[in-house]
>>> print(open('run-v9.cif').read())   # mmCIF, C-alpha atoms and all ligand atoms
data_start
loop_
_atom_site.label_atom_id
_atom_site.label_comp_id
_atom_site.auth_asym_id
_atom_site.auth_seq_id
_atom_site.Cartn_x
_atom_site.Cartn_y
_atom_site.Cartn_z
CA MET A 1 0.00 0.00 0.00
CA ASP A 2 1.14 3.52 -0.78
CA ASP A 3 3.06 5.12 2.07
CA HIS A 4 1.86 8.63 1.28
CA VAL A 5 -1.19 9.97 3.06
CA ILE A 6 -2.83 12.74 1.06
CA VAL A 7 -3.74 15.75 3.17
CA PHE A 8 -6.97 17.33 1.94
CA ASP A 9 -7.48 20.62 3.71
CA THR A 10 -11.05 21.87 3.91
CA THR A 11 -10.46 24.95 6.09
CA LEU A 12 -11.76 27.17 3.30
CA ARG A 13 -14.92 25.10 2.75
CA ASP A 14 -16.09 23.11 5.80
CA GLY A 15 -14.14 25.35 8.18
CA GLU A 16 -15.42 28.53 6.63
CA GLN A 17 -19.02 27.24 6.84
CA ALA A 18 -18.87 27.37 10.64
CA PRO A 19 -20.49 30.38 12.32
CA GLY A 20 -17.99 33.16 12.96
CA PHE A 21 -15.36 31.85 10.55
CA ASN A 22 -16.34 33.42 7.26
CA MET A 23 -13.58 34.79 5.10
CA ASN A 24 -13.71 37.15 2.15
CA LEU A 25 -12.01 36.55 -1.18
CA GLU A 26 -8.75 38.23 -0.29
CA GLU A 27 -8.55 36.36 3.02
CA LYS A 28 -9.22 33.02 1.34
CA VAL A 29 -6.48 33.68 -1.21
CA ARG A 30 -4.03 34.57 1.58
CA MET A 31 -4.97 31.46 3.52
CA ALA A 32 -4.64 29.27 0.41
CA ALA A 33 -1.12 30.60 -0.23
CA GLN A 34 -0.16 29.64 3.32
CA LEU A 35 -1.73 26.18 2.89
CA GLU A 36 0.50 25.72 -0.15
CA ARG A 37 3.53 26.68 1.91
CA LEU A 38 2.40 24.06 4.41
CA GLN A 39 2.42 21.64 1.47
CA VAL A 40 -1.11 20.31 1.74
CA ASP A 41 -1.90 18.09 -1.24
CA VAL A 42 -5.45 19.34 -1.78
CA ILE A 43 -7.09 22.66 -0.95
CA GLU A 44 -10.88 22.51 -0.93
CA ALA A 45 -11.55 26.16 -1.71
CA GLY A 46 -15.33 26.30 -1.35
CA PHE A 47 -18.76 25.30 -2.58
CA PRO A 48 -19.13 27.33 -5.80
CA ILE A 49 -22.91 27.08 -6.18
CA ALA A 50 -23.51 28.21 -2.58
CA SER A 51 -22.99 31.92 -3.31
CA GLU A 52 -21.43 34.34 -5.74
CA GLY A 53 -18.72 35.06 -3.15
CA ASP A 54 -17.87 31.39 -2.80
CA PHE A 55 -17.70 31.00 -6.57
CA MET A 56 -15.32 33.97 -6.96
CA ALA A 57 -13.11 32.78 -4.12
CA VAL A 58 -12.80 29.26 -5.55
CA ARG A 59 -12.01 30.73 -8.98
CA GLU A 60 -9.31 33.00 -7.56
CA VAL A 61 -7.74 30.29 -5.40
CA ALA A 62 -7.79 27.97 -8.45
CA ARG A 63 -6.01 30.61 -10.54
CA GLN A 64 -3.33 31.39 -7.98
CA THR A 65 -2.50 27.94 -6.61
CA ARG A 66 0.54 26.34 -8.23
CA THR A 67 1.35 23.00 -6.65
CA SER A 68 -1.67 21.84 -4.63
CA ILE A 69 -4.78 20.32 -6.16
CA VAL A 70 -7.75 22.73 -5.85
CA ALA A 71 -11.12 21.09 -5.16
CA GLY A 72 -14.61 22.55 -5.33
CA LEU A 73 -17.65 20.92 -3.77
CA CYS A 74 -20.92 20.27 -5.57
CA ARG A 75 -24.06 18.22 -5.17
CA THR A 76 -24.96 15.69 -7.84
CA ARG A 77 -27.07 18.14 -9.86
CA ARG A 78 -25.78 19.08 -13.26
CA ASN A 79 -25.85 22.85 -12.67
CA ASP A 80 -23.93 22.37 -9.39
CA ILE A 81 -21.24 20.45 -11.23
CA ASP A 82 -21.15 23.03 -14.03
CA ARG A 83 -20.73 25.86 -11.57
CA ALA A 84 -17.94 24.02 -9.74
CA TRP A 85 -16.14 23.36 -13.00
CA GLU A 86 -16.54 26.96 -14.12
CA ALA A 87 -14.71 28.02 -10.94
CA LEU A 88 -12.07 25.30 -11.09
CA GLN A 89 -11.22 25.03 -14.76
CA HIS A 90 -8.19 27.33 -14.68
CA ALA A 91 -6.51 25.51 -11.82
CA GLN A 92 -3.22 23.74 -12.55
CA LYS A 93 -4.69 20.67 -10.85
CA PRO A 94 -8.48 20.86 -10.55
CA ARG A 95 -10.67 18.34 -8.73
CA ILE A 96 -14.46 18.11 -8.77
CA HIS A 97 -15.80 16.84 -5.46
CA THR A 98 -19.39 15.67 -5.69
CA PHE A 99 -21.51 14.19 -2.93
CA ILE A 100 -24.86 12.67 -2.08
CA ALA A 101 -26.20 11.40 1.23
CA THR A 102 -26.41 7.63 1.55
CA SER A 103 -27.89 7.02 5.00
CA ASP A 104 -31.53 5.99 5.38
CA ILE A 105 -32.16 9.02 7.62
CA HIS A 106 -30.84 11.49 5.05
CA LEU A 107 -32.44 9.71 2.09
CA LYS A 108 -35.84 9.56 3.75
CA TYR A 109 -36.08 12.97 5.47
CA LYS A 110 -33.70 15.23 3.58
CA LEU A 111 -33.56 14.02 0.00
CA ARG A 112 -36.85 12.05 -0.12
CA LYS A 113 -35.21 9.62 -2.50
CA SER A 114 -34.90 5.86 -2.64
CA LYS A 115 -31.52 4.15 -2.53
CA ALA A 116 -31.87 3.25 -6.19
CA GLU A 117 -32.50 6.88 -7.11
CA ALA A 118 -29.53 8.09 -5.08
CA LEU A 119 -27.28 5.52 -6.72
CA LYS A 120 -28.44 6.51 -10.18
CA GLU A 121 -27.83 10.20 -9.46
CA ALA A 122 -24.39 9.53 -8.01
CA VAL A 123 -23.34 7.55 -11.08
CA ARG A 124 -24.72 10.16 -13.46
CA ALA A 125 -22.94 12.96 -11.56
CA VAL A 126 -19.60 11.19 -11.45
CA LYS A 127 -19.76 10.34 -15.15
CA TYR A 128 -20.57 13.94 -16.01
CA ALA A 129 -17.87 15.32 -13.71
CA LYS A 130 -15.38 12.92 -15.26
CA SER A 131 -16.23 14.20 -18.71
CA LEU A 132 -15.08 17.65 -17.53
CA CYS A 133 -12.21 16.85 -15.17
CA ASP A 134 -9.82 13.92 -14.75
CA ASP A 135 -9.80 14.09 -11.00
CA VAL A 136 -13.19 13.28 -9.43
CA GLU A 137 -13.91 12.64 -5.78
CA PHE A 138 -17.17 11.19 -4.55
CA SER A 139 -18.45 11.52 -0.97
CA ALA A 140 -21.14 9.34 0.57
CA GLU A 141 -22.54 11.85 3.05
CA ASP A 142 -23.41 10.35 6.47
CA ALA A 143 -21.53 7.18 5.45
CA THR A 144 -21.13 5.99 9.03
CA ARG A 145 -24.92 5.78 9.50
CA SER A 146 -25.51 4.24 6.08
CA ASP A 147 -26.57 0.70 5.33
CA LEU A 148 -23.27 -1.11 4.74
CA GLU A 149 -24.45 -3.18 1.78
CA PHE A 150 -25.73 -0.04 0.07
CA LEU A 151 -22.44 1.71 0.75
CA TYR A 152 -20.54 -1.14 -0.98
CA GLU A 153 -22.91 -0.95 -3.90
CA ILE A 154 -22.82 2.82 -4.45
CA LEU A 155 -19.03 3.03 -4.02
CA ALA A 156 -18.46 0.23 -6.53
CA ALA A 157 -20.81 1.97 -8.97
CA VAL A 158 -19.08 5.37 -8.71
CA ILE A 159 -15.63 3.78 -9.14
CA ASP A 160 -16.98 2.23 -12.29
CA ALA A 161 -18.29 5.64 -13.36
CA GLY A 162 -14.81 7.17 -12.96
CA ALA A 163 -14.38 8.39 -9.37
CA ASN A 164 -10.74 8.10 -8.32
CA VAL A 165 -11.20 9.20 -4.69
CA LEU A 166 -13.93 7.81 -2.43
CA ASN A 167 -14.59 9.81 0.67
CA ILE A 168 -16.18 8.30 3.77
CA PRO A 169 -17.49 11.09 5.97
CA ASP A 170 -18.50 10.65 9.57
CA THR A 171 -20.73 13.63 8.93
CA VAL A 172 -22.27 13.82 12.40
CA GLY A 173 -19.24 12.71 14.43
CA TYR A 174 -20.99 9.52 15.56
CA ALA A 175 -18.37 6.83 14.93
CA LEU A 176 -15.99 5.32 17.47
CA PRO A 177 -12.33 4.86 16.53
CA TRP A 178 -12.34 1.05 16.39
CA GLU A 179 -15.65 0.94 14.50
CA PHE A 180 -14.43 3.46 11.97
CA GLY A 181 -11.20 1.51 11.40
CA GLU A 182 -13.25 -1.65 10.88
CA LEU A 183 -15.47 0.15 8.37
CA ILE A 184 -12.40 1.11 6.32
CA GLU A 185 -11.19 -2.49 6.43
CA LYS A 186 -14.58 -3.78 5.31
CA LEU A 187 -14.69 -1.33 2.41
CA HIS A 188 -11.27 -2.52 1.25
CA GLU A 189 -12.51 -6.12 1.40
CA ASN A 190 -15.97 -5.71 -0.09
CA VAL A 191 -16.03 -2.91 -2.66
CA PRO A 192 -15.16 -4.22 -6.13
CA GLY A 193 -12.55 -2.02 -7.84
CA ILE A 194 -11.48 -0.25 -4.64
CA GLU A 195 -7.84 -1.04 -5.41
CA ASN A 196 -8.13 1.49 -8.25
CA ALA A 197 -9.29 4.31 -5.99
CA ILE A 198 -8.05 6.18 -2.94
CA LEU A 199 -10.10 5.80 0.22
CA SER A 200 -10.53 9.09 2.05
CA VAL A 201 -12.03 9.99 5.41
CA HIS A 202 -13.71 13.13 6.71
CA CYS A 203 -14.46 13.12 10.42
CA HIS A 204 -16.37 15.53 12.61
CA ASP A 205 -15.73 16.17 16.27
CA ASP A 206 -19.18 16.06 17.88
CA LEU A 207 -18.00 13.49 20.44
CA GLY A 208 -14.35 14.54 20.31
CA HIS A 209 -13.17 11.55 18.22
CA SER A 210 -12.48 13.17 14.85
CA VAL A 211 -8.69 12.88 15.03
CA SER A 212 -8.77 9.39 16.60
CA ASN A 213 -11.20 8.22 13.95
CA SER A 214 -9.01 9.64 11.18
CA ILE A 215 -5.88 8.03 12.66
CA SER A 216 -7.68 4.71 13.03
CA ALA A 217 -8.74 4.88 9.37
CA ILE A 218 -5.17 5.64 8.24
CA ALA A 219 -3.93 2.64 10.21
CA LYS A 220 -6.45 0.53 8.28
CA GLY A 221 -5.41 1.81 4.87
CA ALA A 222 -7.19 5.11 4.23
CA ARG A 223 -4.80 7.23 2.16
CA GLN A 224 -6.50 10.60 2.15
CA VAL A 225 -7.51 12.51 5.23
CA GLU A 226 -9.80 15.53 5.16
CA CYS A 227 -9.10 18.01 7.90
CA THR A 228 -8.86 21.68 8.83
CA ILE A 229 -6.42 24.03 10.52
CA ASN A 230 -7.23 24.38 14.23
CA GLY A 231 -9.99 21.78 13.68
CA ILE A 232 -12.52 24.42 12.64
CA GLY A 233 -15.69 23.28 10.88
CA GLU A 234 -19.41 22.67 11.15
CA ARG A 235 -20.68 22.41 14.76
CA ALA A 236 -17.89 20.98 16.94
CA GLY A 237 -15.52 21.10 13.99
CA ASN A 238 -13.45 18.78 11.82
CA ALA A 239 -10.38 16.70 12.52
CA ALA A 240 -7.46 19.06 13.20
CA LEU A 241 -4.80 18.82 10.48
CA GLU A 242 -1.95 19.63 12.87
CA GLU A 243 -2.93 16.84 15.28
CA ILE A 244 -3.12 14.17 12.58
CA VAL A 245 0.18 15.22 11.02
CA MET A 246 2.06 15.38 14.33
CA THR A 247 0.62 12.10 15.55
CA MET A 248 2.18 10.42 12.53
CA ARG A 249 5.47 12.32 12.89
CA THR A 250 5.80 11.74 16.62
CA ARG A 251 4.94 8.02 16.45
CA PRO A 252 6.46 6.96 13.11
CA ASN A 253 6.82 3.34 14.18
CA ALA A 254 3.08 3.04 14.61
CA PHE A 255 2.49 3.89 10.94
CA ASN A 256 3.86 2.66 7.64
CA CYS A 257 3.04 5.98 6.00
CA ASP A 258 3.46 9.74 6.38
CA THR A 259 2.24 13.03 4.93
CA LYS A 260 4.24 15.61 2.93
CA ILE A 261 3.33 18.42 5.32
CA LYS A 262 6.07 20.90 6.19
CA ALA A 263 5.45 20.79 9.92
CA GLU A 264 7.38 23.99 10.72
CA GLU A 265 4.55 25.84 8.96
CA LEU A 266 1.86 24.42 11.28
CA PHE A 267 2.02 27.14 13.92
CA PRO A 268 2.31 30.05 11.44
CA THR A 269 -0.70 28.64 9.54
CA SER A 270 -2.74 28.33 12.73
CA GLN A 271 -1.82 31.88 13.69
CA LEU A 272 -2.75 33.25 10.28
CA LEU A 273 -6.18 31.59 10.46
CA SER A 274 -6.79 33.07 13.93
CA LYS A 275 -5.72 36.47 12.72
CA ILE A 276 -7.94 36.37 9.64
CA THR A 277 -11.05 35.07 11.43
CA GLY A 278 -10.51 36.89 14.71
CA VAL A 279 -11.14 33.64 16.58
CA ALA A 280 -8.40 32.71 19.01
CA VAL A 281 -7.25 29.11 19.47
CA GLN A 282 -8.07 27.68 22.88
CA PRO A 283 -4.91 27.82 25.03
CA ASN A 284 -4.86 24.07 25.74
CA LYS A 285 -5.27 23.10 22.07
CA SER A 286 -2.86 20.33 21.00
CA ILE A 287 0.16 21.37 18.92
CA VAL A 288 -0.81 25.00 18.26
CA GLY A 289 -2.41 26.21 21.51
CA ASP A 290 -0.64 28.84 23.58
CA ASN A 291 0.01 26.33 26.34
CA ALA A 292 1.04 23.40 24.09
CA PHE A 293 4.70 23.99 25.00
CA ALA A 294 4.23 26.02 28.17
CA HIS A 295 5.26 24.77 31.59
CA GLU A 296 4.31 26.26 34.91
CA ALA A 297 4.53 23.45 37.46
CA GLY A 298 7.85 23.50 39.31
CA ILE A 299 8.63 19.82 38.79
CA HIS A 300 7.91 20.11 35.08
CA GLN A 301 9.93 23.30 34.64
CA ASP A 302 12.88 21.77 36.45
CA GLY A 303 12.71 18.67 34.23
CA VAL A 304 12.41 20.64 30.99
CA LEU A 305 15.32 22.90 31.91
CA LYS A 306 17.48 19.81 32.51
CA ASN A 307 16.27 18.02 29.38
CA ALA A 308 13.19 18.97 27.34
CA LEU A 309 12.51 15.30 26.59
CA THR A 310 11.28 14.89 30.17
CA TYR A 311 8.00 16.65 29.40
CA GLU A 312 8.00 17.32 25.66
CA ILE A 313 7.36 14.59 23.06
CA MET A 314 8.14 16.93 20.17
CA THR A 315 10.12 20.12 20.00
CA PRO A 316 8.28 23.45 19.71
CA GLU A 317 10.59 24.28 16.76
CA SER A 318 9.38 21.21 14.85
CA VAL A 319 5.92 22.79 14.52
CA GLY A 320 7.18 26.34 14.05
CA VAL A 321 6.94 27.57 17.65
CA HIS A 322 10.05 29.43 18.78
CA GLY A 323 11.09 27.88 22.07
CA ASN A 324 9.04 26.49 24.91
CA LYS A 325 7.41 28.86 27.30
CA MET A 326 8.13 28.88 30.97
CA VAL A 327 5.17 30.55 32.61
CA LEU A 328 6.13 31.93 35.96
CA GLY A 329 3.24 31.53 38.35
CA LYS A 330 2.50 30.13 41.78
CA HIS A 331 3.33 26.59 40.64
CA SER A 332 6.82 27.50 39.49
CA GLY A 333 10.01 26.56 41.29
CA ARG A 334 13.31 28.26 42.06
CA ASN A 335 15.07 26.67 39.12
CA ALA A 336 12.70 28.20 36.58
CA LEU A 337 12.83 31.56 38.34
CA ASN A 338 16.62 31.47 38.31
CA ASP A 339 16.62 30.57 34.64
CA ARG A 340 14.40 33.56 33.86
CA LEU A 341 16.62 35.85 35.94
CA ASN A 342 19.62 34.66 33.93
CA GLN A 343 17.77 35.30 30.68
CA LEU A 344 17.10 38.81 31.94
CA GLY A 345 20.81 39.29 32.59
CA LEU A 346 20.51 38.92 36.37
CA HIS A 347 22.81 36.40 38.02
CA VAL A 348 22.08 35.91 41.69
CA GLY A 349 23.50 33.86 44.50
CA LYS A 350 21.64 31.22 46.46
CA ASN A 351 20.63 33.46 49.38
CA ASP A 352 19.41 36.24 47.14
CA LEU A 353 17.50 33.76 45.04
CA GLN A 354 15.69 32.55 48.15
CA LYS A 355 14.62 36.10 49.04
CA ILE A 356 13.58 36.86 45.49
CA TYR A 357 11.71 33.57 45.34
CA GLU A 358 9.75 34.36 48.51
CA GLU A 359 8.70 37.76 47.15
CA PHE A 360 7.89 36.20 43.83
CA THR A 361 5.59 33.52 45.32
CA LYS A 362 3.68 36.17 47.28
CA LEU A 363 3.01 38.06 44.07
CA ALA A 364 2.26 34.84 42.13
CA ASP A 365 -0.31 33.89 44.76
CA ALA A 366 -2.03 37.22 44.29
CA GLN A 367 -2.09 37.23 40.50
CA LYS A 368 -2.17 34.64 37.72
CA ASN A 369 1.36 35.02 36.48
CA VAL A 370 4.29 37.31 36.97
CA THR A 371 5.77 39.45 34.21
CA ASN A 372 9.44 39.98 33.42
CA ALA A 373 9.22 43.60 34.57
CA GLU A 374 7.86 42.48 37.94
CA ILE A 375 10.61 39.87 38.26
CA VAL A 376 13.31 42.47 37.54
CA SER A 377 11.80 44.81 40.10
CA ILE A 378 11.63 42.10 42.81
CA ALA A 379 15.19 41.03 42.01
CA LYS A 380 16.60 44.54 42.23
CA ASN A 381 14.97 45.08 45.61
CA ASN A 382 16.37 41.85 47.00
CA MET A 383 19.84 41.53 45.57
CA THR A 384 22.86 42.13 47.75
CA CYS A 385 25.03 42.21 44.67
CA GLN A 386 24.19 42.32 41.02
CA ARG A 387 25.89 41.04 37.94
CA ALA A 388 24.16 42.06 34.81
CA ASN A 389 25.32 40.44 31.57
CA GLY A 390 28.36 39.06 33.35
CA ALA A 391 29.69 42.55 34.15
CA ALA A 392 30.75 41.87 37.75
CA LYS A 393 31.50 38.68 39.58
CA ALA A 394 29.02 37.72 42.27
CA THR A 395 30.52 37.18 45.70
CA GLU A 396 28.06 34.52 46.63
CA PRO A 397 28.44 31.08 45.06
CA GLU A 398 26.24 30.81 42.01
CA LEU A 399 23.31 28.56 42.16
CA SER A 400 24.08 25.43 40.24
CA GLU A 401 21.18 23.27 41.19
CA ALA A 402 17.94 24.71 42.42
CA GLY A 403 15.57 22.69 44.50
CA ILE A 404 12.15 21.79 43.28
CA SER A 405 9.38 23.50 45.05
ZN ZN B 1 -17.87 18.12 7.02
#
>>> encode(input="run-v9.cif", output="structure tokens")
Amino acid sequence: MDDHVIVFDTTLRDGEQAPGFNMNLEEKVRMAAQLERLQVDVIEAGFPIASEGDFMAVREVARQTRTSIVAGLCRTRRNDIDRAWEALQHAQKPRIHTFIATSDIHLKYKLRKSKAEALKEAVRAVKYAKSLCDDVEFSAEDATRSDLEFLYEILAAVIDAGANVLNIPDTVGYALPWEFGELIEKLHENVPGIENAILSVHCHDDLGHSVSNSISAIAKGARQVECTINGIGERAGNAALEEIVMTMRTRPNAFNCDTKIKAEELFPTSQLLSKITGVAVQPNKSIVGDNAFAHEAGIHQDGVLKNALTYEIMTPESVGVHGNKMVLGKHSGRNALNDRLNQLGLHVGKNDLQKIYEEFTKLADAQKNVTNAEIVSIAKNNMTCQRANGAAKATEPELSEAGIS
């Protein structure tokens, strides 16, 4: 099996559909350029029939993108497909992504169609899309709540009609990781012609399993993963691109495959998205959150200062964060405080450090964390001698090993 996992980024489509995350044309183009720097394989730029703005943004992203495939979403209707193609046709590498719901619930209540009708429409759409564009992806919306036999049947039929990527969305975030992995295995075993197509997954985070489900699918042979920066997307969001990529990079022995993502661009990409949308990333967010490489607890800070491997499974630099962050607060120890003093050009002896530390903990108890300016001020008030930037030798023995508080 191919060892390359295709990263299909849908920040500009599924992500942008979420309330509060809309982007204008210029912002989408800027984001797409950064996604190319990140080296995503596919950029889903929008849903061209949804609005004039979406159409123009997809067309502009398609025109400006050089190396990544640019995908546009469309339903199975002919005018949807036409509109998508109109927006995509000038892309270096265009892809038409068409979808229809396959679950009984969606067929009965949303589409009011029989399975046979849905299958016929899917085949017709894929054939038509293929007549316009070589690269055609088909999604079986709500696949995880679909009748399995019907899923086999419709997937086999669309492969036959020319679809080269088959996407299995967990549209409502309902699947469990082991179930979803099993589903991917079953599709590989039971869909005729599947060896000629790429199996893709698209997981939502309603129960918090989107990344685990995606990872489980990759372990079982899925070779395209649909995801978004910062995990943005409909409702609780999509699988977070940065978490999937770094899971595979941090645990390479658990996978026989990898992505082409340039991981050092993960943090800058996350920051750009926050800046454009005005929505901050939660501080405890994996990989790109403000606290992802921050340490406040004394024991942790002491360990990290001795060797970062004690509490960090990847380096901040590997994802584009410059250095870990030692947050000085009430949980911090003398060692971290001393380290910060040194960084600020203040070298203190053991006795002075104790006095400074006592003052510091009083302040840290009263407020959330302590700033550099406050540390300098406490230090200056409590130092019997001062050696800034190595200018004068301290009379007291320098602190070599601080205790853990
Ligand atoms: Zn979605």
>>> closest_residue(input="run-v9.cif", among="A:Gly221, A:Gly15, A:Gly181, A:Gly72", to="ligand ZN 1 (chain B)", atoms="all atoms listed in the file")
A:Gly15
>>> closest_atom_pairs(input="run-v9.cif", of="chain A", to="ligand ZN 1 (chain B)", cutoff="8 Å", atoms="all atoms listed in the file", output="tab-separated table")
residue	atom	partner	partner_atom	distance
A:Asp14	CA	B:ZN1	ZN	5.4
A:Pro169	CA	B:ZN1	ZN	7.1
A:Asp170	CA	B:ZN1	ZN	7.9
A:Thr171	CA	B:ZN1	ZN	5.7
A:His202	CA	B:ZN1	ZN	6.5
A:Cys203	CA	B:ZN1	ZN	6.9
A:His204	CA	B:ZN1	ZN	6.3
A:Gly233	CA	B:ZN1	ZN	6.8
A:Glu234	CA	B:ZN1	ZN	6.3
A:Gly237	CA	B:ZN1	ZN	7.9
A:Asn238	CA	B:ZN1	ZN	6.6
>>> closest_residue(input="run-v9.cif", among="A:Val288, A:Val281, A:Leu346, A:Val165", to="His322 of chain A", atoms="all atoms listed in the file")
A:Val288
>>> closest_residue(input="run-v9.cif", among="A:Asn253, A:Gln271, A:Gln282, A:Ser216", to="Val201 of chain A", atoms="only C-alpha atoms")
A:Ser216
>>> closest_residue(input="run-v9.cif", among="A:Ser332, A:Gln343, A:Thr76, A:Ser103", to="Gly303 of chain A", atoms="all atoms listed in the file")
A:Ser332
